[in-house]
$ cat target-v9.txt   # compact mmCIF, C-alpha atoms
# COMPACT_ATOMS: atom_id res chain seq x y z
CA MET A 1 95.64 -47.24 30.73
CA THR A 2 93.77 -44.53 32.65
CA ARG A 3 93.48 -42.44 29.46
CA ARG A 4 92.14 -45.44 27.58
CA LEU A 5 89.55 -46.14 30.28
CA ALA A 6 88.41 -42.53 30.22
CA GLN A 7 88.09 -42.37 26.43
CA VAL A 8 86.18 -45.63 26.17
CA ALA A 9 83.91 -44.69 29.08
CA LYS A 10 83.10 -41.35 27.46
CA LYS A 11 82.45 -42.99 24.09
CA VAL A 12 79.99 -45.51 25.56
CA GLY A 13 78.51 -43.28 28.27
CA VAL A 14 79.36 -45.54 31.20
CA SER A 15 81.73 -45.27 34.16
CA GLU A 16 85.43 -46.10 33.98
CA ALA A 17 84.76 -48.81 36.56
CA THR A 18 82.33 -50.50 34.15
CA VAL A 19 84.90 -50.36 31.33
CA SER A 20 87.48 -51.87 33.67
CA ARG A 21 85.13 -54.74 34.56
CA VAL A 22 84.62 -55.52 30.87
CA LEU A 23 88.35 -55.41 30.10
CA ASN A 24 89.13 -57.69 33.02
CA GLY A 25 86.33 -60.13 32.24
CA LYS A 26 84.51 -59.50 35.52
CA PRO A 27 80.75 -60.25 35.93
CA GLY A 28 78.03 -57.72 36.66
CA VAL A 29 77.90 -56.05 33.22
CA SER A 30 75.03 -56.52 30.76
CA ASP A 31 75.75 -58.09 27.37
CA SER A 32 74.72 -54.93 25.53
CA THR A 33 77.08 -52.75 27.61
CA ARG A 34 79.87 -55.29 27.20
CA GLN A 35 79.45 -55.28 23.42
CA ALA A 36 79.33 -51.48 23.37
CA VAL A 37 82.62 -51.27 25.28
CA LEU A 38 84.32 -53.78 22.96
CA SER A 39 83.05 -51.91 19.89
CA ALA A 40 84.34 -48.63 21.35
CA LEU A 41 87.78 -50.20 21.80
CA ASP A 42 87.79 -51.18 18.13
CA VAL A 43 86.55 -47.80 16.89
CA LEU A 44 89.10 -45.90 19.02
CA GLY A 45 91.91 -48.10 17.73
CA TYR A 46 92.81 -49.85 21.00
CA GLU A 47 93.77 -53.51 21.06
CA ARG A 48 91.43 -55.79 22.92
CA PRO A 49 92.80 -57.62 25.96
CA THR A 50 94.24 -60.98 24.96
CA GLN A 51 91.40 -62.98 26.52
CA LEU A 52 88.81 -61.02 24.49
CA ARG A 53 90.45 -61.15 21.07
CA GLY A 54 88.71 -64.35 20.07
CA GLU A 55 85.37 -62.57 19.97
CA ARG A 56 84.44 -60.70 16.83
CA ALA A 57 83.87 -56.99 17.06
CA ARG A 58 80.55 -55.39 16.27
CA LEU A 59 82.27 -53.93 13.22
CA VAL A 60 81.26 -54.58 9.62
CA GLY A 61 83.53 -53.84 6.68
CA LEU A 62 81.89 -51.89 3.84
CA VAL A 63 84.18 -52.17 0.82
CA LEU A 64 83.60 -49.82 -2.14
CA PRO A 65 85.59 -49.52 -5.37
CA GLU A 66 85.41 -45.69 -5.44
CA LEU A 67 83.47 -42.66 -4.27
CA GLN A 68 83.55 -40.57 -7.47
CA ASN A 69 80.52 -42.36 -8.87
CA PRO A 70 77.63 -41.07 -6.70
CA ILE A 71 75.98 -44.51 -6.64
CA PHE A 72 78.58 -45.82 -4.18
CA PRO A 73 78.17 -43.10 -1.52
CA ALA A 74 74.42 -43.68 -1.90
CA PHE A 75 74.82 -47.39 -1.17
CA ALA A 76 77.16 -46.55 1.73
CA GLU A 77 74.56 -44.26 3.28
CA VAL A 78 71.77 -46.85 3.11
CA ILE A 79 73.91 -49.79 4.24
CA GLY A 80 75.63 -47.79 6.97
CA GLY A 81 72.31 -46.57 8.34
CA ALA A 82 70.80 -50.06 8.36
CA LEU A 83 73.88 -51.47 10.13
CA ALA A 84 73.74 -48.74 12.77
CA GLN A 85 70.11 -49.61 13.53
CA LEU A 86 71.31 -53.11 14.40
CA GLY A 87 74.09 -51.85 16.66
CA LEU A 88 76.78 -52.62 14.09
CA THR A 89 79.46 -50.10 13.16
CA PRO A 90 80.42 -49.81 9.46
CA VAL A 91 84.10 -49.51 8.58
CA LEU A 92 84.34 -47.81 5.19
CA CYS A 93 87.08 -49.15 2.92
CA THR A 94 87.43 -47.25 -0.36
CA GLN A 95 89.97 -48.14 -3.01
CA THR A 96 92.02 -45.45 -4.70
CA LYS A 97 94.40 -45.69 -7.62
CA GLY A 98 97.79 -46.69 -6.28
CA GLY A 99 96.36 -46.95 -2.76
CA VAL A 100 95.25 -49.82 -0.54
CA SER A 101 94.00 -52.79 -2.54
CA GLU A 102 90.82 -54.75 -1.88
CA ALA A 103 92.91 -57.71 -0.65
CA ASP A 104 94.79 -55.40 1.74
CA TYR A 105 91.51 -54.10 3.13
CA VAL A 106 90.30 -57.65 3.71
CA GLU A 107 93.49 -58.39 5.65
CA LEU A 108 92.97 -55.29 7.80
CA LEU A 109 89.32 -56.19 8.44
CA LEU A 110 90.29 -59.70 9.51
CA GLN A 111 92.79 -58.24 11.96
CA GLN A 112 89.98 -56.12 13.42
CA GLN A 113 87.89 -59.25 14.05
CA VAL A 114 84.97 -57.86 12.03
CA SER A 115 81.57 -59.47 12.28
CA GLY A 116 81.11 -59.44 8.50
CA VAL A 117 81.81 -57.67 5.23
CA VAL A 118 79.58 -56.09 2.57
CA PHE A 119 81.12 -55.52 -0.86
CA ALA A 120 79.26 -53.00 -3.03
CA GLY A 121 81.09 -53.23 -6.34
CA GLY A 122 84.54 -54.77 -6.53
CA LEU A 123 86.78 -57.47 -7.94
CA TYR A 124 84.13 -60.15 -7.40
CA ALA A 125 82.39 -58.75 -10.50
CA GLN A 126 85.47 -59.20 -12.71
CA ALA A 127 86.22 -62.71 -13.95
CA ASP A 128 89.92 -62.03 -14.64
CA ALA A 129 90.69 -60.29 -11.33
CA PRO A 130 92.38 -61.97 -8.33
CA HIS A 131 89.90 -63.56 -5.92
CA ASP A 132 92.05 -65.24 -3.26
CA HIS A 133 90.94 -62.77 -0.56
CA TYR A 134 87.32 -63.88 -1.02
CA ARG A 135 88.34 -67.49 -0.45
CA GLN A 136 90.18 -66.36 2.68
CA LEU A 137 86.94 -64.87 4.03
CA ALA A 138 85.03 -68.05 3.21
CA GLU A 139 87.63 -70.26 4.89
CA ARG A 140 87.33 -68.21 8.09
CA ASN A 141 83.51 -68.35 7.94
CA ILE A 142 83.21 -64.55 7.90
CA PRO A 143 79.67 -63.49 6.87
CA VAL A 144 79.81 -61.77 3.46
CA VAL A 145 77.20 -60.21 1.16
CA LEU A 146 77.87 -58.95 -2.37
CA VAL A 147 75.95 -56.12 -4.05
CA ASN A 148 75.37 -56.57 -7.80
CA ALA A 149 76.40 -59.36 -10.13
CA ALA A 150 79.35 -61.55 -9.16
CA ILE A 151 81.32 -64.26 -10.92
CA GLU A 152 80.14 -67.79 -10.23
CA HIS A 153 81.32 -70.15 -7.50
CA LEU A 154 82.24 -67.59 -4.83
CA GLY A 155 79.47 -69.01 -2.66
CA PHE A 156 78.32 -65.74 -1.07
CA PRO A 157 74.74 -64.42 -1.05
CA CYS A 158 74.26 -61.59 -3.53
CA VAL A 159 71.81 -58.71 -3.92
CA SER A 160 71.59 -57.45 -7.50
CA CYS A 161 69.69 -55.09 -9.75
CA ASP A 162 68.39 -57.01 -12.77
CA ASP A 163 70.76 -55.98 -15.58
CA ALA A 164 68.66 -57.73 -18.24
CA VAL A 165 65.50 -55.84 -17.30
CA ALA A 166 67.46 -52.58 -17.17
CA VAL A 167 68.70 -52.98 -20.74
CA GLU A 168 65.28 -54.10 -21.93
CA GLN A 169 63.67 -50.97 -20.46
CA ALA A 170 66.27 -48.66 -22.00
CA TRP A 171 66.28 -50.41 -25.38
CA ARG A 172 62.51 -50.45 -25.75
CA HIS A 173 62.37 -46.79 -24.76
CA LEU A 174 64.83 -45.80 -27.51
CA ALA A 175 63.11 -48.07 -30.02
CA SER A 176 59.74 -46.48 -29.22
CA LEU A 177 61.31 -43.14 -30.14
CA GLY A 178 62.26 -44.49 -33.55
CA HIS A 179 65.94 -45.25 -32.92
CA GLU A 180 67.22 -48.16 -34.99
CA ARG A 181 70.99 -47.63 -34.66
CA ILE A 182 71.39 -48.18 -30.91
CA GLY A 183 74.80 -48.63 -29.30
CA LEU A 184 76.05 -49.74 -25.88
CA VAL A 185 78.80 -48.29 -23.70
CA LEU A 186 79.77 -51.05 -21.26
CA GLY A 187 82.53 -51.84 -18.79
CA PRO A 188 85.42 -54.27 -19.44
CA ALA A 189 84.70 -57.59 -21.13
CA ASP A 190 85.19 -59.59 -17.90
CA HIS A 191 82.77 -57.37 -15.91
CA MET A 192 79.75 -59.50 -15.01
CA PRO A 193 77.04 -56.78 -14.96
CA SER A 194 78.26 -55.60 -18.38
CA GLN A 195 78.22 -59.17 -19.69
CA ARG A 196 74.62 -59.52 -18.55
CA LYS A 197 73.66 -56.24 -20.19
CA LEU A 198 75.23 -57.30 -23.49
CA THR A 199 73.49 -60.70 -23.37
CA ALA A 200 70.16 -58.96 -22.82
CA ALA A 201 70.79 -56.54 -25.69
CA ARG A 202 71.63 -59.38 -28.08
CA ALA A 203 68.44 -61.18 -27.04
CA LEU A 204 66.46 -58.06 -28.01
CA ALA A 205 68.48 -57.36 -31.17
CA PRO A 206 70.17 -60.55 -32.45
CA ASP A 207 71.69 -58.59 -35.35
CA LEU A 208 73.39 -56.03 -33.04
CA PRO A 209 76.72 -55.30 -34.76
CA ASP A 210 79.90 -55.75 -32.71
CA GLU A 211 80.95 -52.24 -33.68
CA HIS A 212 77.89 -50.89 -31.85
CA VAL A 213 79.32 -52.17 -28.54
CA ALA A 214 82.07 -50.03 -27.00
CA ARG A 215 84.02 -50.89 -23.84
CA ALA A 216 85.28 -48.34 -21.34
CA MET A 217 86.59 -47.87 -17.83
CA PHE A 218 83.86 -46.59 -15.52
CA SER A 219 84.52 -42.85 -15.72
CA LEU A 220 83.24 -39.78 -17.52
CA GLU A 221 86.38 -39.76 -19.69
CA GLY A 222 85.93 -43.44 -20.52
CA GLY A 223 82.33 -42.81 -21.54
CA GLN A 224 83.36 -39.91 -23.75
CA ALA A 225 85.99 -41.97 -25.59
CA ALA A 226 83.69 -44.96 -26.07
CA ALA A 227 80.73 -42.84 -27.21
CA THR A 228 82.94 -41.02 -29.71
CA ARG A 229 83.65 -44.37 -31.38
CA LEU A 230 79.93 -45.17 -31.51
CA LEU A 231 79.09 -41.78 -33.01
CA ASP A 232 81.70 -42.40 -35.71
CA ARG A 233 79.68 -45.52 -36.60
CA GLY A 234 76.39 -43.63 -36.99
CA VAL A 235 74.68 -44.56 -33.74
CA THR A 236 71.79 -42.26 -32.75
CA GLY A 237 70.86 -43.82 -29.39
CA ILE A 238 73.38 -44.79 -26.68
CA ILE A 239 72.71 -46.98 -23.63
CA CYS A 240 75.38 -46.69 -20.93
CA ALA A 241 76.29 -48.99 -18.04
CA SER A 242 76.54 -46.11 -15.53
CA ASP A 243 75.53 -42.47 -15.18
CA PRO A 244 79.12 -41.13 -15.39
CA LEU A 245 79.55 -43.07 -18.65
CA ALA A 246 76.33 -41.45 -19.91
CA LEU A 247 77.53 -37.97 -18.99
CA GLY A 248 80.69 -38.73 -20.94
CA ALA A 249 78.54 -39.73 -23.91
CA VAL A 250 76.66 -36.42 -23.73
CA ARG A 251 79.98 -34.60 -23.74
CA ALA A 252 81.18 -36.65 -26.73
CA ALA A 253 78.09 -35.70 -28.72
CA ARG A 254 78.49 -32.04 -27.94
CA ARG A 255 82.17 -32.08 -28.86
CA ARG A 256 81.03 -33.38 -32.25
CA GLY A 257 78.53 -30.52 -32.54
CA LEU A 258 75.56 -32.86 -32.07
CA ALA A 259 72.57 -31.85 -29.96
CA VAL A 260 71.36 -34.05 -27.08
CA PRO A 261 68.58 -35.13 -27.40
CA GLY A 262 67.88 -33.42 -30.78
CA GLU A 263 70.35 -35.57 -32.74
CA VAL A 264 71.60 -38.15 -30.22
CA SER A 265 69.72 -39.76 -27.31
CA VAL A 266 71.57 -41.02 -24.23
CA VAL A 267 70.37 -43.34 -21.43
CA GLY A 268 72.33 -43.85 -18.20
CA TYR A 269 72.16 -46.46 -15.45
CA ASP A 270 71.85 -46.03 -11.65
CA ASP A 271 69.92 -42.73 -11.31
CA SER A 272 72.61 -41.51 -8.95
CA ALA A 273 72.54 -38.12 -7.24
CA PHE A 274 71.99 -34.95 -9.29
CA MET A 275 71.18 -36.69 -12.59
CA ASN A 276 68.00 -34.61 -12.67
CA CYS A 277 70.17 -31.48 -12.45
CA THR A 278 72.38 -32.12 -15.48
CA GLU A 279 71.82 -30.37 -18.79
CA PRO A 280 69.83 -31.98 -20.20
CA PRO A 281 68.47 -33.93 -17.21
CA LEU A 282 69.57 -37.53 -17.75
CA THR A 283 67.18 -40.30 -18.75
CA THR A 284 68.44 -43.29 -16.77
CA VAL A 285 67.50 -46.65 -15.28
CA ARG A 286 67.18 -46.42 -11.50
CA GLN A 287 68.62 -49.03 -9.17
CA PRO A 288 66.41 -49.52 -6.07
CA ILE A 289 69.26 -48.57 -3.73
CA GLU A 290 67.21 -48.42 -0.54
CA ALA A 291 65.65 -51.86 -0.96
CA MET A 292 68.90 -53.47 -2.11
CA GLY A 293 70.98 -51.97 0.70
CA ARG A 294 68.53 -53.03 3.38
CA ALA A 295 68.28 -56.55 1.93
CA ALA A 296 72.08 -56.83 1.96
CA VAL A 297 72.19 -55.90 5.65
CA GLU A 298 69.37 -58.33 6.50
CA LEU A 299 71.28 -61.16 4.79
CA LEU A 300 74.47 -60.22 6.63
CA ASN A 301 72.75 -59.95 10.01
CA ALA A 302 71.13 -63.35 9.54
CA GLN A 303 74.58 -64.86 9.01
CA ILE A 304 76.06 -62.99 11.99
CA GLY A 305 73.25 -64.41 14.13
CA GLY A 306 74.21 -67.93 13.12
CA GLY A 307 71.39 -68.47 10.64
CA SER A 308 71.96 -70.29 7.37
CA VAL A 309 71.65 -68.17 4.24
CA THR A 310 71.64 -69.86 0.85
CA PRO A 311 74.21 -68.39 -1.56
CA GLU A 312 71.53 -67.29 -4.00
CA GLU A 313 71.15 -64.02 -5.86
CA LEU A 314 68.23 -61.76 -5.03
CA LEU A 315 67.25 -59.82 -8.15
CA PHE A 316 65.64 -56.41 -7.76
CA GLU A 317 63.59 -54.68 -10.46
CA PRO A 318 64.99 -51.42 -11.86
CA GLU A 319 62.87 -48.49 -13.06
CA LEU A 320 63.28 -46.39 -16.20
CA VAL A 321 63.28 -42.66 -15.36
CA VAL A 322 62.58 -40.63 -18.51
CA ARG A 323 64.03 -37.11 -18.52
CA GLY A 324 65.48 -34.80 -21.13
CA SER A 325 68.37 -36.71 -22.72
CA THR A 326 66.18 -38.85 -25.00
CA ALA A 327 63.85 -37.81 -27.82
CA GLN A 328 62.43 -38.88 -31.19
CA VAL A 329 65.07 -39.95 -33.68
CA PRO A 330 65.96 -37.11 -36.07
CA ARG A 331 64.29 -37.36 -39.50

$ encode --input "target-v9.txt" --output "structure tokens"
Amino acid sequence: MTRRLAQVAKKVGVSEATVSRVLNGKPGVSDSTRQAVLSALDVLGYERPTQLRGERARLVGLVLPELQNPIFPAFAEVIGGALAQLGLTPVLCTQTKGGVSEADYVELLLQQQVSGVVFAGGLYAQADAPHDHYRQLAERNIPVVLVNAAIEHLGFPCVSCDDAVAVEQAWRHLASLGHERIGLVLGPADHMPSQRKLTAARALAPDLPDEHVARAMFSLEGGQAAATRLLDRGVTGIICASDPLALGAVRAARRRGLAVPGEVSVVGYDDSAFMNCTEPPLTTVRQPIEAMGRAAVELLNAQIGGGSVTPEELLFEPELVVRGSTAQVPR
């Protein structure tokens, strides 16, 4: 007990006597200090006293599907910083293959009495995935915000980059360069952002052949395999649903002995870190990460404060960033 008091006091910067007063529910401690002590207990892994367990911690779960794609660490940095400015502590939950599942993370976060959860990519975007853990959060009235397109009827507010505008920008860019055989490398068929991108592409090109649409897992290797199929079908311009997919497409072209952008043009999506340092530098559609992350935290904080937030989707405008992976179609 003495060790716990000392650690918590050091973490918060108050006396052990103050920590003791908080733990024993005694008066004479400001609300801000009280919250800081409770948050320190959570962060240090100590159980709250029984009489204090009914109060939610100043912790917020930040659930990400992976960290290999640089877009997710970028979102984590923005969201984590915005939470910290509000006195909230982010708890990073990252899925790994064969590791802790999203549903398991939700169970752990509920045990920690979190104030809310932000999901930046996850099973909510896949129509065929299990969604019971989202219903569990809703039933317990835990504030939740989703980043990027979700399946319908979950009932949570959502902050998204406009997939339709992103595809329109990329498509018109390739068309302006003379490309007529344009292909798409998208995620799985049940992935909502990919569905939206395909719908937008078909609106622009109603005669888009099915064989010019390739599906892949979101990885460099998946992009390479999918792009190889498109190149076999004579595509000269490739629009990808993520930057790692686009880098895989560049690799596929080179393995075929094709120059990028001399013979094949490639457009990515996200404008994640270091895409201006690749060879060639990647033309991509930038998600407004800063604005989206801050909006997600504002929506979450409004819910934590007891305000009502309508479960609508806020759409943010992307921006085409033209670099060296696209050029005039070869003649």

$ atom_distance --input "target-v9.txt" --atom1 "atom CA of Cys240 of chain A" --atom2 "atom CA of Gly268 of chain A"
5.0 Å

$ residues_near_point --input "target-v9.txt" --point "(80.5, -71.8, 9.5)" --cutoff "10 Å" --atoms "all atoms listed in the file" --output "PyMOL selection string"
chain A and resi 138-143+303+306-308

$ atom_distance --input "target-v9.txt" --atom1 "atom CA of Gly234 of chain A" --atom2 "atom CA of Val167 of chain A"
20.3 Å

$ residues_around --input "target-v9.txt" --residues "Thr33 of chain A" --least-positions-apart "4" --cutoff "12 Å" --atoms "all atoms listed in the file" --output "MDAnalysis selection string"
chainID A and resid 8:9 11:15 18:19 21:23 27:29 37:40 87

$ closest_residue --input "target-v9.txt" --among "A:Thr96, A:Gln85, A:Thr236, A:Ser115" --to "Leu62 of chain A" --atoms "only C-alpha atoms"
A:Ser115

$ residues_around --input "target-v9.txt" --residues "Ala225 of chain A" --least-positions-apart "6" --cutoff "8 Å" --atoms "only C-alpha atoms" --output "VMD selection string"
chain A and resid 216 248 to 249 252

$ closest_atom_pairs --input "target-v9.txt" --of "segment 209-255 of chain A" --to "segment 172-185 of chain A" --cutoff "8 Å" --atoms "only C-alpha atoms" --output "tab-separated table"
residue	atom	partner	partner_atom	distance
A:His212	CA	A:Gly183	CA	4.6
A:Val213	CA	A:Leu184	CA	4.9
A:Ala214	CA	A:Val185	CA	5.0
A:Arg215	CA	A:Val185	CA	5.8
A:Ala216	CA	A:Val185	CA	6.9
A:Gly223	CA	A:Val185	CA	6.9
A:Ala226	CA	A:Val185	CA	6.4
A:Ala227	CA	A:Val185	CA	6.8
A:Leu230	CA	A:Gly183	CA	6.6
A:Gly234	CA	A:Arg181	CA	7.1
A:Val235	CA	A:Arg181	CA	4.9
A:Thr236	CA	A:Arg181	CA	5.8
A:Gly237	CA	A:Ile182	CA	4.6
A:Ile238	CA	A:Gly183	CA	4.9
A:Ile239	CA	A:Leu184	CA	4.9
A:Cys240	CA	A:Val185	CA	4.7
A:Ala241	CA	A:Val185	CA	6.2
A:Leu245	CA	A:Val185	CA	7.3

$ atom_distance --input "target-v9.txt" --atom1 "atom CA of Arg294 of chain A" --atom2 "atom CA of Pro70 of chain A"
18.1 Å

$ residues_near_point --input "target-v9.txt" --point "(73.7, -51.9, 2.1)" --cutoff "9 Å" --atoms "all atoms listed in the file" --output "list in words"
Leu62, Phe75, Ala76, Glu77, Val78, Ile79, Gly80, Gly81, Ala82, Leu83, Val118, Phe119, Ala120, Val147, Ile289, Glu290, Ala291, Met292, Gly293, Arg294, Ala295, Ala296, Val297 and Glu298 of chain A
